[in-house]
file data12.txt (compact mmCIF, C-alpha atoms)
# COMPACT_ATOMS: atom_id res chain seq x y z
CA MET A 1 106.34 41.42 -64.08
CA GLN A 2 103.33 39.24 -63.45
CA ASN A 3 101.08 39.60 -60.42
CA GLN A 4 102.33 43.12 -59.82
CA THR A 5 100.14 45.23 -57.59
CA ARG A 6 100.05 48.98 -57.29
CA ILE A 7 98.42 49.05 -53.86
CA VAL A 8 100.29 48.47 -50.62
CA ILE A 9 98.34 47.49 -47.48
CA GLU A 10 100.29 47.37 -44.23
CA ASN A 11 99.81 47.55 -40.48
CA VAL A 12 96.28 46.14 -40.45
CA SER A 13 94.92 46.36 -36.94
CA PRO A 14 93.58 44.75 -34.85
CA GLN A 15 95.26 41.44 -35.40
CA ILE A 16 97.00 38.85 -33.26
CA ASP A 17 100.09 37.03 -34.52
CA GLY A 18 99.61 38.35 -38.04
CA GLY A 19 96.04 37.10 -38.20
CA VAL A 20 96.78 33.54 -37.05
CA ASN A 21 94.58 33.92 -33.96
CA PHE A 22 91.16 35.55 -33.74
CA ILE A 23 90.66 38.82 -31.90
CA LYS A 24 87.93 38.85 -29.25
CA ARG A 25 84.83 41.03 -29.08
CA VAL A 26 81.41 40.73 -27.44
CA VAL A 27 78.17 40.66 -29.45
CA GLY A 28 77.10 44.26 -30.01
CA GLN A 29 80.63 45.68 -29.93
CA LYS A 30 82.20 47.34 -32.93
CA ILE A 31 85.50 46.33 -34.45
CA THR A 32 87.49 49.32 -35.62
CA VAL A 33 89.90 48.33 -38.36
CA THR A 34 92.82 50.55 -39.36
CA ALA A 35 95.40 50.03 -42.08
CA ASP A 36 98.06 51.92 -44.00
CA VAL A 37 96.90 51.91 -47.63
CA PHE A 38 98.76 53.66 -50.45
CA SER A 39 99.80 53.24 -54.06
CA ASP A 40 103.15 53.19 -55.79
CA GLY A 41 102.54 56.67 -57.18
CA HIS A 42 100.38 59.73 -56.65
CA ASP A 43 97.11 58.09 -57.63
CA ILE A 44 93.98 58.41 -55.55
CA VAL A 45 93.25 55.18 -53.72
CA GLU A 46 90.12 53.86 -52.07
CA CYS A 47 89.75 50.87 -49.79
CA CYS A 48 87.28 48.82 -47.81
CA VAL A 49 87.06 46.17 -45.12
CA LYS A 50 85.40 42.94 -46.16
CA PHE A 51 84.14 40.76 -43.33
CA LYS A 52 81.89 37.79 -42.60
CA HIS A 53 80.79 35.56 -39.77
CA GLU A 54 81.96 31.97 -39.91
CA SER A 55 78.42 30.79 -40.74
CA GLU A 56 78.03 33.17 -43.69
CA LYS A 57 79.15 32.57 -47.26
CA LYS A 58 78.89 36.12 -48.54
CA TRP A 59 81.33 38.85 -47.54
CA GLN A 60 79.94 42.17 -46.32
CA GLU A 61 81.76 45.37 -47.10
CA VAL A 62 82.38 48.70 -45.34
CA ARG A 63 84.17 51.59 -47.05
CA MET A 64 87.22 52.87 -45.19
CA ASN A 65 87.77 56.57 -44.52
CA PRO A 66 91.12 58.36 -44.66
CA LYS A 67 92.64 59.59 -41.41
CA ASP A 68 96.23 60.77 -41.41
CA ASN A 69 99.09 60.14 -43.84
CA ASP A 70 97.83 57.02 -45.65
CA VAL A 71 96.03 55.62 -42.58
CA TRP A 72 92.46 54.46 -43.26
CA THR A 73 89.78 53.33 -40.83
CA ALA A 74 86.39 51.62 -40.81
CA GLU A 75 84.29 49.67 -38.37
CA PHE A 76 81.76 46.89 -38.34
CA LYS A 77 79.55 45.49 -35.62
CA VAL A 78 79.69 41.98 -34.15
CA GLU A 79 76.12 40.79 -34.71
CA LYS A 80 76.33 37.22 -33.40
CA GLN A 81 78.59 34.96 -31.41
CA GLY A 82 81.31 33.11 -33.28
CA PHE A 83 84.35 33.81 -35.40
CA TYR A 84 84.58 36.65 -37.89
CA SER A 85 87.10 36.91 -40.70
CA TYR A 86 88.02 40.20 -42.30
CA PHE A 87 90.54 41.71 -44.67
CA VAL A 88 91.36 45.08 -46.21
CA GLU A 89 91.09 45.56 -49.97
CA GLY A 90 92.40 48.61 -51.83
CA TRP A 91 92.34 49.88 -55.40
CA VAL A 92 93.36 52.84 -57.53
CA ASP A 93 90.26 54.91 -58.28
CA TYR A 94 90.78 55.93 -61.91
CA ALA A 95 87.63 58.05 -62.15
CA LEU A 96 88.61 60.14 -59.14
CA ASN A 97 92.12 60.45 -60.57
CA TRP A 98 90.59 61.70 -63.82
CA GLN A 99 88.49 64.26 -61.93
CA HIS A 100 91.43 65.45 -59.82
CA GLY A 101 93.71 65.85 -62.85
CA THR A 102 91.01 67.62 -64.85
CA GLU A 103 90.29 69.97 -61.97
CA ARG A 104 93.96 70.94 -61.73
CA LYS A 105 94.05 71.72 -65.46
CA ILE A 106 90.84 73.76 -65.24
CA HIS A 107 92.26 75.82 -62.36
CA ASP A 108 95.36 76.36 -64.49
CA ASN A 109 93.09 77.78 -67.25
CA GLN A 110 93.89 74.94 -69.64
CA HIS A 111 91.41 73.79 -72.27
CA VAL A 112 90.23 70.30 -71.28
CA LYS A 113 88.23 69.07 -74.28
CA SER A 114 90.00 65.70 -74.52
CA GLU A 115 89.74 65.20 -70.75
CA LEU A 116 85.99 65.84 -70.96
CA LEU A 117 85.66 63.17 -73.65
CA GLU A 118 87.47 60.79 -71.33
CA GLY A 119 85.11 61.82 -68.53
CA ALA A 120 82.13 60.96 -70.73
CA GLU A 121 83.47 57.42 -70.98
CA TYR A 122 83.85 57.18 -67.19
CA ALA A 123 80.29 58.46 -66.72
CA LYS A 124 78.92 55.93 -69.23
CA SER A 125 80.91 53.06 -67.71
CA VAL A 126 79.31 53.46 -64.27
CA LEU A 127 75.70 53.76 -65.47
CA LYS A 128 75.02 50.07 -64.88
CA PHE A 129 75.94 50.45 -61.20
CA ALA A 130 73.96 53.66 -60.57
CA ASP A 131 70.48 54.10 -59.18
CA ALA A 132 67.77 55.93 -61.17
CA SER A 133 68.63 59.50 -60.11
CA GLU A 134 72.38 58.88 -60.52
CA LYS A 135 71.76 57.44 -64.02
CA GLU A 136 69.81 60.51 -65.05
CA TYR A 137 72.60 62.77 -63.77
CA LEU A 138 75.40 60.69 -65.37
CA GLU A 139 73.63 60.60 -68.75
CA LYS A 140 73.22 64.39 -68.67
CA VAL A 141 76.87 64.86 -67.69
CA ALA A 142 78.08 62.50 -70.44
CA VAL A 143 76.19 64.60 -73.02
CA TYR A 144 77.71 67.82 -71.65
CA PHE A 145 81.19 66.29 -71.77
CA ALA A 146 80.77 65.17 -75.39
CA THR A 147 79.14 68.35 -76.73
CA ALA A 148 81.42 71.25 -77.64
CA SER A 149 78.66 73.84 -77.24
CA ASP A 150 78.16 72.73 -73.60
CA TYR A 151 81.83 73.27 -72.69
CA ASP A 152 81.14 75.68 -69.78
CA LYS A 153 78.50 73.38 -68.26
CA ALA A 154 80.82 70.41 -68.77
CA VAL A 155 83.68 72.13 -66.96
CA GLN A 156 81.40 72.91 -64.02
CA GLU A 157 80.19 69.32 -63.83
CA ALA A 158 83.67 67.86 -64.25
CA ILE A 159 84.72 69.36 -60.92
CA SER A 160 81.38 69.04 -59.15
CA ILE A 161 80.97 67.44 -55.76
CA ASP A 162 77.96 65.49 -57.08
CA LEU A 163 80.08 63.72 -59.69
CA ARG A 164 82.85 63.09 -57.15
CA GLN A 165 80.35 61.51 -54.76
CA ILE A 166 78.94 59.21 -57.43
CA PHE A 167 82.41 58.12 -58.57
CA LYS A 168 83.43 57.56 -54.95
CA ASN A 169 80.34 55.54 -54.06
CA ILE A 170 80.22 53.30 -57.10
CA LEU A 171 82.81 50.54 -57.17
CA PHE A 172 84.01 49.64 -60.61
CA ASP A 173 87.08 48.28 -62.33
CA PHE A 174 88.70 49.32 -65.60
call {"tool": "encode", "arguments": {"input": "data12.txt", "output": "C-alpha cells"}}
result
Amino acid sequence: MQNQTRIVIENVSPQIDGGVNFIKRVVGQKITVTADVFSDGHDIVECCVKFKHESEKKWQEVRMNPKDNDVWTAEFKVEKQGFYSYFVEGWVDYALNWQHGTERKIHDNQHVKSELLEGAEYAKSVLKFADASEKEYLEKVAVYFATASDYDKAVQEAISIDLRQIFKNILFDF
C-alpha cells in the first residue's frame, strides 16, 4: 500500500468547521491545541504543533505533551494581529522505542548485546543534531554500547534518563 501512515491524528482542537474558518484570539493570548495522536501498534509516538502567522514563511514548532489516553496538548502565543495557521504532526520515535524495549529486556535479566549495538547506531545517527555537551555524551555512550568490556556501563546508559531526554529532544527520521 502506498502512502500508508502509521500515525493517526484526530480531534484537533480548537477548530471551526474542520479548519475552514479561523479561530479568534487577542494578541498576547495563548492558543492551547489538543489532539488525539496514536499509532497503529504499541510504538512510542511523539508529536508537535507547527504554526505560523500569515506574514511568515517559516513554520514554528512546539512539542506536544501527553495528557490522558492518547490525548496530547501544546500551546503557542499570538504575537501579532492577523491570521495564524497551525497543524499537528506526529511520528513514531524509533530511538525511544529501542530504549523502551531494551529496558524491558534488561529488567527481565536478558543479555542485550545486539540491542546495545543497535543503540550505538541510534546514538551516532543523532550526533549531527546534538549540541556540544550532548555530542560528548552520545560519543561516550556509543563506545560503551559497542565495547563488550563496558557491558555494565552500557546497560546503565541504555536505560538512563539522560539518553531518553536527548532522544526525546532531538527530532530525526530513519
call {"tool": "closest_residue", "arguments": {"input": "data12.txt", "among": "A:Ser160, A:Ser133, A:Asn169, A:Ser85", "to": "Gln60 of chain A", "atoms": "only C-alpha atoms"}}
result
A:Ser85
call {"tool": "closest_residue", "arguments": {"input": "data12.txt", "among": "A:Val49, A:Val20, A:Val71, A:Leu163", "to": "Ala95 of chain A", "atoms": "all atoms listed in the file"}}
result
A:Leu163
call {"tool": "closest_residue", "arguments": {"input": "data12.txt", "among": "A:Phe22, A:Leu127, A:Lys113, A:Trp98", "to": "Ser149 of chain A", "atoms": "all atoms listed in the file"}}
result
A:Lys113
call {"tool": "residues_near_point", "arguments": {"input": "data12.txt", "point": "(98.3, 54.8, -47.1)", "cutoff": "8 Å", "atoms": "all atoms listed in the file", "output": "list in words"}}
result
Val8, Ile9, Ala35, Asp36, Val37, Phe38, Ser39, Asn69, Asp70, Val71 and Trp72 of chain A
call {"tool": "closest_residue", "arguments": {"input": "data12.txt", "among": "A:Val143, A:Ser125, A:Ala154, A:Leu138", "to": "Thr102 of chain A", "atoms": "all atoms listed in the file"}}
result
A:Ala154
call {"tool": "residues_near_point", "arguments": {"input": "data12.txt", "point": "(78.1, 38.8, -33.6)", "cutoff": "10 Å", "atoms": "only C-alpha atoms", "output": "list in words"}}
result
Arg25, Val26, Val27, Gly28, Gln29, Lys30, Lys52, His53, Lys77, Val78, Glu79, Lys80, Gln81, Gly82, Phe83 and Tyr84 of chain A
call {"tool": "closest_residue", "arguments": {"input": "data12.txt", "among": "A:Ser114, A:His107, A:Ile166, A:Glu61", "to": "Glu136 of chain A", "atoms": "only C-alpha atoms"}}
result
A:Ile166
call {"tool": "residues_around", "arguments": {"input": "data12.txt", "residues": "Pro14 of chain A", "least_positions_apart": "3", "cutoff": "12 Å", "atoms": "only C-alpha atoms", "output": "list in words"}}
result
Glu10, Asn11, Asp17, Gly18, Gly19, Val20, Asn21, Phe22, Ile23, Lys24, Arg25, Lys30, Ile31, Thr32, Val33, Thr34, Ala35, Thr73, Ala74, Glu75, Ser85, Tyr86, Phe87 and Val88 of chain A
call {"tool": "write_last_selection", "arguments": {"input": "data12.txt", "atoms": "C-alpha atoms", "output": "compact mmCIF listing (two decimals), keeping the file's coordinate frame"}}
result
# COMPACT_ATOMS: atom_id res chain seq x y z
CA GLU A 10 100.29 47.37 -44.23
CA ASN A 11 99.81 47.55 -40.48
CA ASP A 17 100.09 37.03 -34.52
CA GLY A 18 99.61 38.35 -38.04
CA GLY A 19 96.04 37.10 -38.20
CA VAL A 20 96.78 33.54 -37.05
CA ASN A 21 94.58 33.92 -33.96
CA PHE A 22 91.16 35.55 -33.74
CA ILE A 23 90.66 38.82 -31.90
CA LYS A 24 87.93 38.85 -29.25
CA ARG A 25 84.83 41.03 -29.08
CA LYS A 30 82.20 47.34 -32.93
CA ILE A 31 85.50 46.33 -34.45
CA THR A 32 87.49 49.32 -35.62
CA VAL A 33 89.90 48.33 -38.36
CA THR A 34 92.82 50.55 -39.36
CA ALA A 35 95.40 50.03 -42.08
CA THR A 73 89.78 53.33 -40.83
CA ALA A 74 86.39 51.62 -40.81
CA GLU A 75 84.29 49.67 -38.37
CA SER A 85 87.10 36.91 -40.70
CA TYR A 86 88.02 40.20 -42.30
CA PHE A 87 90.54 41.71 -44.67
CA VAL A 88 91.36 45.08 -46.21
call {"tool": "axis_aligned_box", "arguments": {"input": "data12.txt", "around": "segment 38-56 of chain A", "padding_each_side": "6 Å", "output": "AutoDock Vina command-line options"}}
result
--center_x 90.6 --center_y 45.3 --center_z -48.7 --size_x 37.1 --size_y 40.9 --size_z 29.9
call {"tool": "closest_residue", "arguments": {"input": "data12.txt", "among": "A:Val141, A:Ile44, A:Ile170, A:Val12", "to": "Glu118 of chain A", "atoms": "only C-alpha atoms"}}
result
A:Val141
call {"tool": "atom_distance", "arguments": {"input": "data12.txt", "atom1": "atom CA of Gln110 of chain A", "atom2": "atom CA of Lys135 of chain A"}}
result
28.8 Å
call {"tool": "atom_distance", "arguments": {"input": "data12.txt", "atom1": "atom CA of Leu96 of chain A", "atom2": "atom CA of Arg164 of chain A"}}
result
6.8 Å
call {"tool": "atom_distance", "arguments": {"input": "data12.txt", "atom1": "atom CA of Leu117 of chain A", "atom2": "atom CA of Ala146 of chain A"}}
result
5.6 Å
call {"tool": "residues_around", "arguments": {"input": "data12.txt", "residues": "Tyr144 of chain A", "least_positions_apart": "2", "cutoff": "10 Å", "atoms": "only C-alpha atoms", "output": "PyMOL selection string"}}
result
chain A and resi 116-117+120+138-142+146-158
call {"tool": "residues_around", "arguments": {"input": "data12.txt", "residues": "His42 of chain A", "least_positions_apart": "2", "cutoff": "12 Å", "atoms": "all atoms listed in the file", "output": "number ranges by chain"}}
result
A: 6-7, 38-40, 44-45, 70, 92-94, 97, 100-101
call {"tool": "build_atoms", "arguments": {"input": "data12.txt", "residues": "segment 4-25 of chain A", "atoms": "N, CA and C atoms", "output": "mmCIF file, in the frame of the given file"}}
result
data_model
loop_
_atom_site.group_PDB
_atom_site.id
_atom_site.type_symbol
_atom_site.label_atom_id
_atom_site.label_comp_id
_atom_site.auth_asym_id
_atom_site.auth_seq_id
_atom_site.Cartn_x
_atom_site.Cartn_y
_atom_site.Cartn_z
ATOM 1 N N GLN A 4 101.878 41.880 -60.426
ATOM 2 C CA GLN A 4 102.330 43.120 -59.820
ATOM 3 C C GLN A 4 101.126 43.901 -59.317
ATOM 4 N N THR A 5 101.226 44.435 -58.135
ATOM 5 C CA THR A 5 100.140 45.230 -57.590
ATOM 6 C C THR A 5 100.606 46.645 -57.338
ATOM 7 N N ARG A 6 99.702 47.588 -57.489
ATOM 8 C CA ARG A 6 100.050 48.980 -57.290
ATOM 9 C C ARG A 6 99.644 49.467 -55.908
ATOM 10 N N ILE A 7 98.908 48.665 -55.168
ATOM 11 C CA ILE A 7 98.420 49.050 -53.860
ATOM 12 C C ILE A 7 99.192 48.313 -52.782
ATOM 13 N N VAL A 8 99.593 49.058 -51.765
ATOM 14 C CA VAL A 8 100.290 48.470 -50.620
ATOM 15 C C VAL A 8 99.353 48.611 -49.415
ATOM 16 N N ILE A 9 99.156 47.500 -48.695
ATOM 17 C CA ILE A 9 98.340 47.490 -47.480
ATOM 18 C C ILE A 9 99.211 46.930 -46.367
ATOM 19 N N GLU A 10 99.434 47.760 -45.346
ATOM 20 C CA GLU A 10 100.290 47.370 -44.230
ATOM 21 C C GLU A 10 99.634 47.738 -42.914
ATOM 22 N N ASN A 11 100.190 47.186 -41.843
ATOM 23 C CA ASN A 11 99.810 47.550 -40.480
ATOM 24 C C ASN A 11 98.299 47.448 -40.232
ATOM 25 N N VAL A 12 97.699 46.365 -40.701
ATOM 26 C CA VAL A 12 96.280 46.140 -40.450
ATOM 27 C C VAL A 12 96.101 45.844 -38.966
ATOM 28 N N SER A 13 95.149 46.528 -38.367
ATOM 29 C CA SER A 13 94.920 46.360 -36.940
ATOM 30 C C SER A 13 93.414 46.403 -36.694
ATOM 31 N N PRO A 14 92.896 45.627 -35.784
ATOM 32 C CA PRO A 14 93.580 44.750 -34.850
ATOM 33 C C PRO A 14 93.880 43.384 -35.488
ATOM 34 N N GLN A 15 94.932 42.802 -35.015
ATOM 35 C CA GLN A 15 95.260 41.440 -35.400
ATOM 36 C C GLN A 15 96.204 40.853 -34.349
ATOM 37 N N ILE A 16 96.143 39.550 -34.212
ATOM 38 C CA ILE A 16 97.000 38.850 -33.260
ATOM 39 C C ILE A 16 97.849 37.861 -34.035
ATOM 40 N N ASP A 17 99.137 37.917 -33.834
ATOM 41 C CA ASP A 17 100.090 37.030 -34.520
ATOM 42 C C ASP A 17 99.901 37.036 -36.029
ATOM 43 N N GLY A 18 99.752 38.229 -36.591
ATOM 44 C CA GLY A 18 99.610 38.350 -38.040
ATOM 45 C C GLY A 18 98.333 37.732 -38.581
ATOM 46 N N GLY A 19 97.319 37.642 -37.752
ATOM 47 C CA GLY A 19 96.040 37.100 -38.200
ATOM 48 C C GLY A 19 95.884 35.607 -37.953
ATOM 49 N N VAL A 20 96.869 34.975 -37.323
ATOM 50 C CA VAL A 20 96.780 33.540 -37.050
ATOM 51 C C VAL A 20 95.696 33.244 -36.024
ATOM 52 N N ASN A 21 95.584 34.103 -35.005
ATOM 53 C CA ASN A 21 94.580 33.920 -33.960
ATOM 54 C C ASN A 21 93.493 34.981 -34.092
ATOM 55 N N PHE A 22 92.281 34.629 -33.656
ATOM 56 C CA PHE A 22 91.160 35.550 -33.740
ATOM 57 C C PHE A 22 91.235 36.586 -32.622
ATOM 58 N N ILE A 23 90.826 37.815 -32.945
ATOM 59 C CA ILE A 23 90.660 38.820 -31.900
ATOM 60 C C ILE A 23 89.353 38.537 -31.191
ATOM 61 N N LYS A 24 89.147 39.132 -30.012
ATOM 62 C CA LYS A 24 87.930 38.850 -29.250
ATOM 63 C C LYS A 24 87.101 40.124 -29.098
ATOM 64 N N ARG A 25 85.794 39.969 -29.304
ATOM 65 C CA ARG A 25 84.830 41.030 -29.080
ATOM 66 C C ARG A 25 83.543 40.381 -28.564
#
